[in-house]
file structure-v1.txt (compact mmCIF, N, CA and C atoms)
# COMPACT_ATOMS: atom_id res chain seq x y z
N MET A 849 -3.51 2.57 -9.47
CA MET A 849 -4.27 1.36 -9.25
C MET A 849 -3.32 0.17 -9.31
N TYR A 850 -3.42 -0.71 -8.35
CA TYR A 850 -2.57 -1.88 -8.28
C TYR A 850 -3.41 -3.13 -8.50
N LEU A 851 -2.85 -4.07 -9.23
CA LEU A 851 -3.56 -5.28 -9.58
C LEU A 851 -2.74 -6.51 -9.21
N VAL A 852 -3.41 -7.57 -8.79
CA VAL A 852 -2.75 -8.84 -8.51
C VAL A 852 -3.63 -9.93 -9.10
N ALA A 853 -3.00 -10.96 -9.65
CA ALA A 853 -3.76 -12.08 -10.22
C ALA A 853 -3.16 -13.39 -9.78
N VAL A 854 -4.05 -14.35 -9.57
CA VAL A 854 -3.64 -15.74 -9.39
C VAL A 854 -3.92 -16.38 -10.74
N MET A 855 -2.88 -16.89 -11.38
CA MET A 855 -2.99 -17.34 -12.77
C MET A 855 -2.36 -18.70 -12.97
N ASP A 856 -3.02 -19.53 -13.74
CA ASP A 856 -2.46 -20.82 -14.16
C ASP A 856 -1.59 -20.56 -15.38
N TRP A 857 -0.28 -20.75 -15.24
CA TRP A 857 0.63 -20.43 -16.34
C TRP A 857 0.51 -21.40 -17.50
N VAL A 858 0.04 -22.60 -17.28
CA VAL A 858 -0.09 -23.56 -18.37
C VAL A 858 -1.23 -23.15 -19.30
N SER A 859 -2.41 -22.91 -18.74
CA SER A 859 -3.56 -22.53 -19.56
C SER A 859 -3.65 -21.02 -19.75
N ARG A 860 -2.88 -20.26 -18.95
CA ARG A 860 -2.91 -18.80 -18.94
C ARG A 860 -4.28 -18.26 -18.53
N LYS A 861 -4.98 -19.03 -17.75
CA LYS A 861 -6.29 -18.63 -17.24
C LYS A 861 -6.12 -17.88 -15.93
N VAL A 862 -6.79 -16.74 -15.80
CA VAL A 862 -6.78 -15.98 -14.56
C VAL A 862 -7.77 -16.65 -13.61
N LEU A 863 -7.29 -17.15 -12.47
CA LEU A 863 -8.13 -17.86 -11.51
C LEU A 863 -8.82 -16.90 -10.55
N SER A 864 -8.16 -15.83 -10.18
CA SER A 864 -8.76 -14.77 -9.38
C SER A 864 -7.92 -13.52 -9.53
N TRP A 865 -8.49 -12.39 -9.18
CA TRP A 865 -7.76 -11.13 -9.26
C TRP A 865 -8.33 -10.16 -8.25
N GLU A 866 -7.56 -9.13 -7.98
CA GLU A 866 -7.97 -8.13 -6.99
C GLU A 866 -7.35 -6.79 -7.37
N LEU A 867 -8.09 -5.72 -7.17
CA LEU A 867 -7.62 -4.36 -7.41
C LEU A 867 -7.45 -3.66 -6.07
N SER A 868 -6.51 -2.72 -6.00
CA SER A 868 -6.31 -1.94 -4.79
C SER A 868 -5.73 -0.58 -5.15
N SER A 869 -6.04 0.40 -4.31
CA SER A 869 -5.45 1.73 -4.50
C SER A 869 -4.20 1.91 -3.64
N SER A 870 -3.84 0.87 -2.88
CA SER A 870 -2.63 0.93 -2.06
C SER A 870 -1.85 -0.38 -2.19
N LEU A 871 -0.64 -0.39 -1.69
CA LEU A 871 0.20 -1.57 -1.78
C LEU A 871 0.14 -2.42 -0.51
N GLU A 872 -1.02 -2.47 0.13
CA GLU A 872 -1.17 -3.30 1.32
C GLU A 872 -1.25 -4.77 0.91
N GLU A 873 -0.79 -5.64 1.78
CA GLU A 873 -0.77 -7.07 1.49
C GLU A 873 -2.16 -7.69 1.42
N SER A 874 -3.13 -7.07 2.06
CA SER A 874 -4.45 -7.68 2.19
C SER A 874 -5.10 -8.00 0.85
N PHE A 875 -4.91 -7.15 -0.16
CA PHE A 875 -5.55 -7.45 -1.44
C PHE A 875 -4.88 -8.63 -2.13
N CYS A 876 -3.59 -8.85 -1.89
CA CYS A 876 -2.90 -10.02 -2.43
C CYS A 876 -3.39 -11.29 -1.75
N CYS A 877 -3.54 -11.21 -0.43
CA CYS A 877 -4.03 -12.36 0.33
C CYS A 877 -5.44 -12.73 -0.10
N SER A 878 -6.28 -11.72 -0.32
CA SER A 878 -7.66 -11.95 -0.75
C SER A 878 -7.70 -12.67 -2.10
N ALA A 879 -6.88 -12.24 -3.05
CA ALA A 879 -6.84 -12.88 -4.37
C ALA A 879 -6.36 -14.32 -4.25
N LEU A 880 -5.37 -14.55 -3.40
CA LEU A 880 -4.84 -15.90 -3.21
C LEU A 880 -5.90 -16.81 -2.58
N GLU A 881 -6.62 -16.31 -1.60
CA GLU A 881 -7.66 -17.11 -0.93
C GLU A 881 -8.75 -17.53 -1.92
N ARG A 882 -9.12 -16.65 -2.83
CA ARG A 882 -10.17 -16.97 -3.81
C ARG A 882 -9.65 -17.78 -4.99
N GLY A 883 -8.34 -17.77 -5.20
CA GLY A 883 -7.76 -18.39 -6.39
C GLY A 883 -7.48 -19.87 -6.29
N GLY A 884 -7.74 -20.46 -5.15
CA GLY A 884 -7.48 -21.89 -5.03
C GLY A 884 -6.10 -22.17 -4.47
N GLN A 885 -5.56 -23.33 -4.81
CA GLN A 885 -4.30 -23.81 -4.25
C GLN A 885 -3.27 -23.98 -5.36
N PRO A 886 -2.55 -22.90 -5.73
CA PRO A 886 -1.52 -23.07 -6.76
C PRO A 886 -0.33 -23.85 -6.22
N GLU A 887 0.41 -24.49 -7.12
CA GLU A 887 1.63 -25.20 -6.72
C GLU A 887 2.75 -24.22 -6.41
N ASN A 888 2.84 -23.17 -7.24
CA ASN A 888 3.84 -22.14 -6.98
C ASN A 888 3.26 -20.78 -7.34
N PHE A 889 3.86 -19.75 -6.80
CA PHE A 889 3.38 -18.39 -7.01
C PHE A 889 4.58 -17.53 -7.36
N ASN A 890 4.57 -16.95 -8.56
CA ASN A 890 5.66 -16.12 -9.03
C ASN A 890 5.25 -14.66 -8.95
N THR A 891 6.09 -13.82 -8.34
CA THR A 891 5.79 -12.40 -8.20
C THR A 891 7.03 -11.58 -8.48
N ASP A 892 6.83 -10.25 -8.49
CA ASP A 892 7.99 -9.38 -8.47
C ASP A 892 8.34 -9.15 -7.00
N GLN A 893 9.26 -8.26 -6.72
CA GLN A 893 9.73 -8.07 -5.35
C GLN A 893 9.04 -6.91 -4.64
N GLY A 894 7.82 -6.59 -5.06
CA GLY A 894 7.08 -5.50 -4.44
C GLY A 894 6.77 -5.78 -2.97
N ALA A 895 6.60 -4.70 -2.20
CA ALA A 895 6.35 -4.82 -0.76
C ALA A 895 5.10 -5.64 -0.47
N GLN A 896 4.09 -5.57 -1.33
CA GLN A 896 2.86 -6.32 -1.10
C GLN A 896 3.08 -7.83 -1.21
N PHE A 897 4.12 -8.25 -1.91
CA PHE A 897 4.40 -9.68 -2.10
C PHE A 897 5.48 -10.21 -1.15
N THR A 898 6.25 -9.33 -0.54
CA THR A 898 7.34 -9.77 0.31
C THR A 898 7.04 -9.66 1.80
N GLY A 899 5.88 -9.11 2.14
CA GLY A 899 5.51 -8.94 3.54
C GLY A 899 5.16 -10.25 4.22
N ALA A 900 5.18 -10.21 5.53
CA ALA A 900 4.95 -11.41 6.35
C ALA A 900 3.56 -12.02 6.15
N ALA A 901 2.54 -11.18 5.99
CA ALA A 901 1.18 -11.72 5.85
C ALA A 901 1.04 -12.55 4.58
N PHE A 902 1.53 -12.02 3.46
CA PHE A 902 1.38 -12.73 2.19
C PHE A 902 2.28 -13.96 2.11
N THR A 903 3.56 -13.78 2.45
CA THR A 903 4.47 -14.94 2.38
C THR A 903 4.07 -16.00 3.40
N GLY A 904 3.55 -15.55 4.55
CA GLY A 904 3.08 -16.50 5.55
C GLY A 904 1.91 -17.32 5.04
N LEU A 905 1.00 -16.68 4.31
CA LEU A 905 -0.15 -17.38 3.73
C LEU A 905 0.32 -18.40 2.70
N LEU A 906 1.29 -18.02 1.88
CA LEU A 906 1.84 -18.95 0.90
C LEU A 906 2.47 -20.16 1.58
N LYS A 907 3.25 -19.91 2.62
CA LYS A 907 3.90 -21.00 3.36
C LYS A 907 2.87 -21.90 4.03
N GLU A 908 1.83 -21.28 4.60
CA GLU A 908 0.75 -22.05 5.25
C GLU A 908 0.07 -22.99 4.27
N LYS A 909 -0.11 -22.52 3.02
CA LYS A 909 -0.74 -23.34 1.98
C LYS A 909 0.26 -24.26 1.29
N LYS A 910 1.54 -24.20 1.73
CA LYS A 910 2.61 -25.01 1.14
C LYS A 910 2.79 -24.73 -0.35
N VAL A 911 2.76 -23.44 -0.68
CA VAL A 911 2.94 -22.98 -2.06
C VAL A 911 4.39 -22.57 -2.24
N GLN A 912 5.02 -23.05 -3.30
CA GLN A 912 6.40 -22.68 -3.63
C GLN A 912 6.44 -21.19 -4.00
N ILE A 913 7.32 -20.43 -3.37
CA ILE A 913 7.43 -18.99 -3.62
C ILE A 913 8.55 -18.75 -4.62
N SER A 914 8.23 -18.02 -5.68
CA SER A 914 9.20 -17.68 -6.71
C SER A 914 9.12 -16.17 -6.95
N MET A 915 10.26 -15.49 -6.87
CA MET A 915 10.27 -14.05 -7.10
C MET A 915 11.27 -13.70 -8.19
N ASP A 916 10.86 -12.77 -9.03
CA ASP A 916 11.71 -12.31 -10.12
C ASP A 916 12.86 -11.47 -9.58
N SER A 917 13.93 -11.42 -10.32
CA SER A 917 15.04 -10.55 -9.99
C SER A 917 14.67 -9.11 -10.33
N LYS A 918 15.36 -8.16 -9.73
CA LYS A 918 15.11 -6.75 -10.04
C LYS A 918 15.40 -6.51 -11.51
N GLY A 919 14.56 -5.69 -12.12
CA GLY A 919 14.75 -5.34 -13.52
C GLY A 919 14.33 -6.41 -14.51
N ARG A 920 13.58 -7.40 -14.06
CA ARG A 920 13.17 -8.51 -14.93
C ARG A 920 11.67 -8.42 -15.24
N ALA A 921 11.24 -7.33 -15.84
CA ALA A 921 9.82 -7.10 -16.11
C ALA A 921 9.21 -8.18 -17.00
N MET A 922 10.00 -8.77 -17.86
CA MET A 922 9.46 -9.76 -18.79
C MET A 922 9.22 -11.13 -18.14
N ASP A 923 9.72 -11.35 -16.93
CA ASP A 923 9.50 -12.63 -16.26
C ASP A 923 8.02 -12.90 -15.99
N ASN A 924 7.25 -11.86 -15.77
CA ASN A 924 5.83 -12.00 -15.45
C ASN A 924 4.94 -11.61 -16.63
N ILE A 925 5.42 -11.77 -17.82
CA ILE A 925 4.70 -11.32 -19.01
C ILE A 925 3.30 -11.92 -19.14
N PHE A 926 3.12 -13.17 -18.73
CA PHE A 926 1.81 -13.80 -18.86
C PHE A 926 0.77 -13.16 -17.93
N VAL A 927 1.22 -12.61 -16.82
CA VAL A 927 0.31 -11.91 -15.91
C VAL A 927 0.16 -10.45 -16.34
N GLU A 928 1.24 -9.83 -16.79
CA GLU A 928 1.21 -8.42 -17.15
C GLU A 928 0.31 -8.14 -18.36
N ARG A 929 0.30 -9.02 -19.32
CA ARG A 929 -0.47 -8.77 -20.55
C ARG A 929 -1.99 -8.68 -20.30
N PRO A 930 -2.60 -9.62 -19.56
CA PRO A 930 -4.04 -9.46 -19.30
C PRO A 930 -4.36 -8.17 -18.54
N TRP A 931 -3.47 -7.74 -17.62
CA TRP A 931 -3.72 -6.51 -16.87
C TRP A 931 -3.62 -5.30 -17.77
N ARG A 932 -2.71 -5.32 -18.71
CA ARG A 932 -2.62 -4.20 -19.64
C ARG A 932 -3.94 -4.07 -20.39
N SER A 933 -4.45 -5.18 -20.88
CA SER A 933 -5.71 -5.15 -21.61
C SER A 933 -6.86 -4.66 -20.73
N LEU A 934 -6.94 -5.15 -19.52
CA LEU A 934 -8.00 -4.74 -18.59
C LEU A 934 -7.92 -3.25 -18.31
N LYS A 935 -6.72 -2.75 -18.01
CA LYS A 935 -6.56 -1.33 -17.70
C LYS A 935 -6.95 -0.44 -18.87
N TYR A 936 -6.50 -0.79 -20.04
CA TYR A 936 -6.78 0.06 -21.20
C TYR A 936 -8.23 -0.07 -21.68
N ASP A 937 -8.82 -1.24 -21.55
CA ASP A 937 -10.19 -1.44 -22.02
C ASP A 937 -11.24 -1.00 -21.02
N GLU A 938 -10.96 -1.16 -19.71
CA GLU A 938 -11.99 -0.93 -18.70
C GLU A 938 -11.71 0.21 -17.72
N VAL A 939 -10.44 0.48 -17.43
CA VAL A 939 -10.13 1.47 -16.39
C VAL A 939 -9.86 2.84 -16.98
N TYR A 940 -8.99 2.92 -17.99
CA TYR A 940 -8.63 4.22 -18.57
C TYR A 940 -9.66 4.60 -19.57

call {"tool": "encode", "arguments": {"input": "structure-v1.txt", "output": "structure tokens"}}
result
Amino acid sequence: MYLVAVMDWVSRKVLSWELSSSLEESFCCSALERGGQPENFNTDQGAQFTGAAFTGLLKEKKVQISMDSKGRAMDNIFVERPWRSLKYDEVY
């Protein structure tokens, strides 16, 4: 199961989220469309975040794109922690 969230890093509030059983870009685009207009979007370098559809949507909305370096799992800790809780409390 793959998860994506649009999150306000200041308040740590999840603005929108989406689940998917595949790494297609469409679920990322859907979460972004529902999540409003962030100033910047930080992701890892997964295929769902680096594809033309998702990055094109970010550019269209004039959102600053920020991607973590390889092996930097802790860079997205504010997003990873709520997903861990959701997965363990509701999915598993």

call {"tool": "atom_distance", "arguments": {"input": "structure-v1.txt", "atom1": "atom C of Met849 of chain A", "atom2": "atom CA of Ser869 of chain A"}}
result
5.5 Å

call {"tool": "atom_distance", "arguments": {"input": "structure-v1.txt", "atom1": "atom CA of Met915 of chain A", "atom2": "atom C of Phe875 of chain A"}}
result
16.8 Å

call {"tool": "select_by_dssp", "arguments": {"input": "structure-v1.txt", "residues": "chain A", "states": "strand (DSSP E)", "output": "list in words"}}
result
Tyr850, Leu851, Val852, Ala853, Val854, Met855, Asp856, Lys861, Val862, Leu863, Ser864, Trp865, Glu866, Leu867, Ser868, Asn888, Phe889, Asn890, Thr891, Gln912, Ile913, Ser914 and Met915 of chain A

call {"tool": "closest_residue", "arguments": {"input": "structure-v1.txt", "among": "A:Leu905, A:Pro930, A:Gly894, A:Lys910", "to": "Leu871 of chain A", "atoms": "all atoms listed in the file"}}
result
A:Gly894

call {"tool": "residues_near_point", "arguments": {"input": "structure-v1.txt", "point": "(0.4, -8.0, -12.4)", "cutoff": "6.5 Å", "atoms": "only N, CA and C atoms", "output": "ChimeraX atom specification"}}
result
/A:851-853,927-928,931
